[in-house]
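Participant: The following block contains the structure, expressed as C-alpha cells.
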Amino acid sequence: MRAFGYVIMTMLGLLAWAGAAGAAEPSPNDPGPHLAIRLVAETTQPAAGSEVTLALDTTPQPGWHGYWENPGDAGFPAKLDWKLPAGATISPPRYPMPGTLLIAGLMNYVFETPYAPLVTLKIPAGLAMGTALPIKLHAQYLVCTREVCVPEQADLTLALTVGNGAIDPATRTRFDGWRRALPRPLGGAATFQASGGKLRIAIPYPASAPLDQGYFFPVTTGLVDYAAPQTVTRDGDRLVVETKAGGAGATGPLAGVLRVGAGQALAISATAGSVAASVASAATSPARGVWSATLIALAGALLGGLILNIMPCVFPILSLKALSLARGHLDERQARHEALAYTAGVVAVCLALGGAILGLRAGGSAVGWAFQLQDARVVIVLLLLTVALSLNLGGLFEIPTPGFVNSKGGAGGAFATGALAAFIATPCTGPFMGAALGAALVLPWPAALAVFAGLGIGLALPFLAIGFVPALRKRLPRPGAWMEHFRRWLSIPMWLTALALAWVLGRQTGVDGMTLGLCAALGLALMLWAAGRRQKRGLGFGTVTLVLLAGITIWGVAVMSRTHRPATATAQVEGAEAFSEARLAALRAQGRPVFAYFTADWCLTCKVNEKAAIETDATRAAFAQHKVAVLVGDWTNGDAALGRFIEAHNRAGVPLYLYYAPGAAEPQVLPQVLTPGMLAGLGG
C-alpha cells in the first residue's frame with residue numbers, strides 16, 4: 001500500500017508540474033522551492049575534536065507539507081547525501097514530533113509548519129586553528145499538498161572554521177528551541193506484543209503525569225498499520241497503546257515516538273514480549289490526568305516549601321516575624337493581616353520566578369529552579385543583601401520603615417519580609433521539591449503556576465499558622481530582654497549564608513571576583529555603620545547614605561559583568577570525571593556501572609549530600625570495589641547541555657542523582673537526600 005500510494009501521488013505531482021489542467025490551489029507551479037531548507041550551525045567556529053549541532057531549518061510554503069523520518073502510508077523521507085571534511089562524521093537526523101494527515105485512507109506523518117531536524121557533526125581532533133571545514137549537502141525530498149506531490153532537491157553548503165567553539169547567545173537560544181521540540185528519551189523500558197492481528201505496546205509512564213491526545217508514531221516500519229485507529233489507556237504506572245498490527249512479522253525492537261501533549265513527546269524503544277491488556281479507568285480522561293498530576297505536584301511543593309523554613313537564610317527572618325507577634329502589641333485582626341501580607345510576599349516572588357522560568361523555557365532556554373544564581377550579578381546583590389541583614393540582626397543599625405525584619409509591624413513590612421525570605425530561599429532544593437517542580441514544567445502553564453504558588457504557601461505556612469491560630473502564639477516565649485540577645489544570635493546563620501554566597505561568587509568569578517565582591521561588602525558595611533551612628537544620635541538614616549549604598553550595589557553588579565568565569569572543578573571523588581553524554585555512553589558501552597550526579601555551588605542540598613555521603617571514605621571504597629564510574633555535572637554557571645539533560649529526567653534543577661546499572665535500559669533516579677549506605681550499595 002505504501003509503495004502504491006507513493007507511485008500514485010508522485011505521478012499526480014509530475015502531471016501537475018507539467019501543467020495538467022485542473023490543478024487545485026496551492027499550485028505546484030507556484031514559485032519554489034515549496035520546502036525551503038537552510039543549513040545552520042550552532043557555531044561556525046567549532047573546536048577541534050568537538051561536536052557541533054547542525055540544523056536543517058525547514059519552512060513549508062502555505063498549504064504544502066514535508067515528511068517525517070517514517071512518512072507513513074505514502075511519500076518518502078528526505079535523503080541526505082553529505083560531503084564532509086576528511087575524518088569528520090555526522091549522525092542521522094533527529095526529527096521533532098510530526099503531525100498526522102489522513103487522505104483517502106492513507107495515513108501520512110508530516111510537517112505543515114516550520115521544523116528543524118538536527119544532526120551532530122563530529123570534528124576531527126588535532127586540527128589547527130583556522131582550518132577550513134567545508135560542508136556540503138545534497139537533499140532529495142518530497143513535498144506535497146493534499147492533492148499533489150512534487151519531488152524537490154536542494155544543494156546546501158556551510159563554511160566552518162576550526163576555532164574556540166564560541167556560540168552566539170541568540171543562536172544558542174534558537175537551537176535550544178529546536179532541541180526542545182525533539183522527543184525526550186523515555187525513563188524506562190517498553191514492551192510490545194503482536195498477535196491475532198493486534199498490536200499492544202506497554203510504556204512506563206507515571207500515573208500522576210499528564211496525558212493529552214496520546215498517539216504513537218512508529219519509526220520502525222512494517223509493525224504498525226498506520227491508518228488504523230489507536231487507543232491509549234492508563235493502567236497504573238504504564239500506558240497501553242492498542243492498534244492494528246502491520247503486515248510484517250513482529251520482530252523487534254519497535255522504535256517510535258509517543259505524543260503525551262501539545263508539542264511534547266517521548267522517544268520509545270520497545271522490545272518484543274508479553275503485554276497484558278489494560279484496565280481502562282476514569283484516569284484515561286486527559287483532564288483528570290492533568291488534575292491528578294497537578295494535585296500531586298502541589299502537595300510536593302507545599303511540603304518542599306515547608307522544609308525550606310529551616311534553612312539558615314530563612315529561619316532568622318521567620319523567627320523574628322514570629323517573635324514580633326509574640327510581643328502581644330497586635331490584636332487578632334492585625335496578626336491575621338500581617339500573616340496574609342507575609343504570605344502574599346512569598347507567593348508573589350515564587351510566582352514571579354516560576355513565570356520567568358516558564359517564559360524562558362518557552363523561548364528555548366534550558367533553565368530551572370534558582371536559575372538566577374547562575375549569574376554572578378545576582379549573587380553579588382544577594383551577598384550585599386545578606387551582609388546588610390546580618391549587620392541589622394547584630395544591632396549595628398535599624399532598617400528604615402517599612403522594615404524587612406524589624407518588629408514594628410505593618411502589612412507593608414510583612415509583605416517585604418515574605419518576598420525577601422522567598423528570594424533568599426531560592427538556592428535551596430530539598431525533599432519533595434525536585435519532583436514537584438519537575439512535574440510543573442510539563443503541566444499546562446496555569447497548573448504549573450499553581451505548583452509554584454503552592455511552594456510559596458508551603459514556605460509561608462508556619463507564619464500563616466501563627467497569625468491565624470491564637471493558641472500557637474500563646475505557646476511562643478513571653479517577650480523580654482532575651483529577645484534582643486536572641487536577635488544577635490540569629491545573625492550567625494545569616495552570616496553563614498553570606499559566607500556561602502561569597503564562596504559561590506569565588507567559584508563563578510575566581511579569586512579576583514570574590515575579592516571585589518568582598519570589597520563591595522566592606523564598603524556597604526562602612527556605610528551602614530555610619531548610618532547606625534546617626535540613628536543612635538536620634539537622626540535619620542540619611543539620603544546620602546542611601547545614595548552611596550545604591551552606588552556600591554551598582555558598582556558591584558557592573559564589576560561582576562566583566563569578571564572572568566573560571567572552569568569549575570569536579571568533586572573530590574576518586575576518578576571522578578566531568579559529565580558529558582558522550583562519556584556516559586562510552587562508559588555504558590564498556591559495561592561499567594555509572595553514578596552521575598548534577599550539582600551547583602549555590603545548591604545547599606547538593607553540598608550537604610556531597611560532604612555527608614558522596615565524598616566520604618566509605619563511598620570511595622565502595623565505588624572502587626565495584627568499579628563504579630563517577631560523572632559530575634556542574635550546573636553552577638548554567639550549562640545549557642546539562643540543563644537539557646536534567647530536564648529530560650523530569651527535574652527542574654539540581655540536585656539530580658542517577659545510577660546506571662550495567663545493561664539497564666534506563667537509570668535509577670536516587671532520592672534528593674543521600675546517605676553513605678545508599679551509595680555503598682550501588683554496583684553490588
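Ligands are numbered from 1 in the order shown, chains are lettered A, B, ... in the order of the C-alpha cells, and residues start at 1 in each chain.
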What lies within 10 Å of range 214-218 of chain A using only C-alpha atoms, ignoring chain neighbours under 4 positions off, as a PyMOL selection string?

Facilitator: chain A and resi 68-72+97-100+109+201+222-226+229-233+239+241-243+254-262+265-269+286

Participant: Would you mind reading off the distance between CA of Leu156 in chain A and CA of Thr171 in chain A, one decimal, in Å?

Facilitator: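 Between CA of Leu156 in chain A and CA of Thr171 in chain A the gap works out to 19.2 Å.
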
Participant: Find the residues near Leu133 in chain A: any atom within 9 Å, counting only C-alpha atoms, skip ones fewer than 6 places away on the same chain, and give them as a tab-separated table (two decimals) with N, CA, C and O atoms, in the first residue's frame.

Facilitator:
```tsv
chain	number	residue	atom	x	y	z
A	84	LEU	N	31.76	15.67	3.59
A	84	LEU	CA	32.36	16.22	4.80
A	84	LEU	C	33.88	16.29	4.67
A	84	LEU	O	34.48	15.58	3.86
A	85	PRO	N	34.52	17.13	5.49
A	85	PRO	CA	35.99	17.14	5.52
A	85	PRO	C	36.53	15.78	5.97
A	85	PRO	O	35.84	15.01	6.64
A	123	ILE	N	33.90	16.88	14.78
A	123	ILE	CA	35.08	17.49	14.18
A	123	ILE	C	36.31	16.65	14.53
A	123	ILE	O	36.50	16.26	15.68
A	158	LEU	N	27.91	24.94	3.81
A	158	LEU	CA	28.17	25.59	5.08
A	158	LEU	C	29.68	25.70	5.25
A	158	LEU	O	30.40	24.71	5.06
A	159	ALA	N	30.17	26.87	5.57
A	159	ALA	CA	31.61	27.10	5.73
A	159	ALA	C	31.93	27.24	7.21
A	159	ALA	O	31.59	28.24	7.84
A	160	LEU	N	32.57	26.22	7.77
A	160	LEU	CA	33.01	26.26	9.16
A	160	LEU	C	34.52	26.43	9.21
A	160	LEU	O	35.23	26.09	8.26
A	161	THR	N	35.00	26.94	10.33
A	161	THR	CA	36.44	27.13	10.55
A	161	THR	C	36.78	26.67	11.96
A	161	THR	O	36.06	27.01	12.91
A	162	VAL	N	37.84	25.91	12.11
A	162	VAL	CA	38.25	25.46	13.44
A	162	VAL	C	38.58	26.68	14.30
A	162	VAL	O	39.36	27.55	13.90
```

Participant: By how many Å are CA of Gly163 in chain A and CA of Gly49 in chain A apart?

Facilitator: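 If I compute the distance from CA of Gly163 in chain A to CA of Gly49 in chain A, I get 10.9 Å.
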
Participant: Taking only C-alpha atoms into account, name the residue in A:Thr599, A:Thr120, A:Gln535, A:Thr294 that is nearest to Ile646 in chain A.

Facilitator: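 Between A:Thr599, A:Thr120, A:Gln535, A:Thr294, the residue approaching Ile646 in chain A most closely is A:Thr599.
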
Participant: Taking into account only C-alpha atoms, which residue in the set A:Ala530, A:Leu393, A:Ile492, A:Leu54 is nearest to Arg172 in chain A?

Facilitator: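 Among the listed residues, the smallest separation from Arg172 in chain A belongs to A:Leu54.
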
Participant: Excluding same-chain residues fewer than 4 positions from Gln668 in chain A, what lies within 7 Å of it counting only C-alpha atoms, as a list in words?

Facilitator: Leu658, Tyr659 and Tyr660 of chain A

Participant: Keeping C-alpha atoms for every residue in the selection just given, could you write it to a file as a PDB file, in the first residue's frame?

Facilitator:
```pdb
ATOM      1  CA  LEU A 658      21.354   8.860  38.602  1.00  0.00           C
ATOM      2  CA  TYR A 659      22.712   5.320  38.787  1.00  0.00           C
ATOM      3  CA  TYR A 660      23.186   3.336  35.572  1.00  0.00           C
TER       4      TYR A 660
END
```
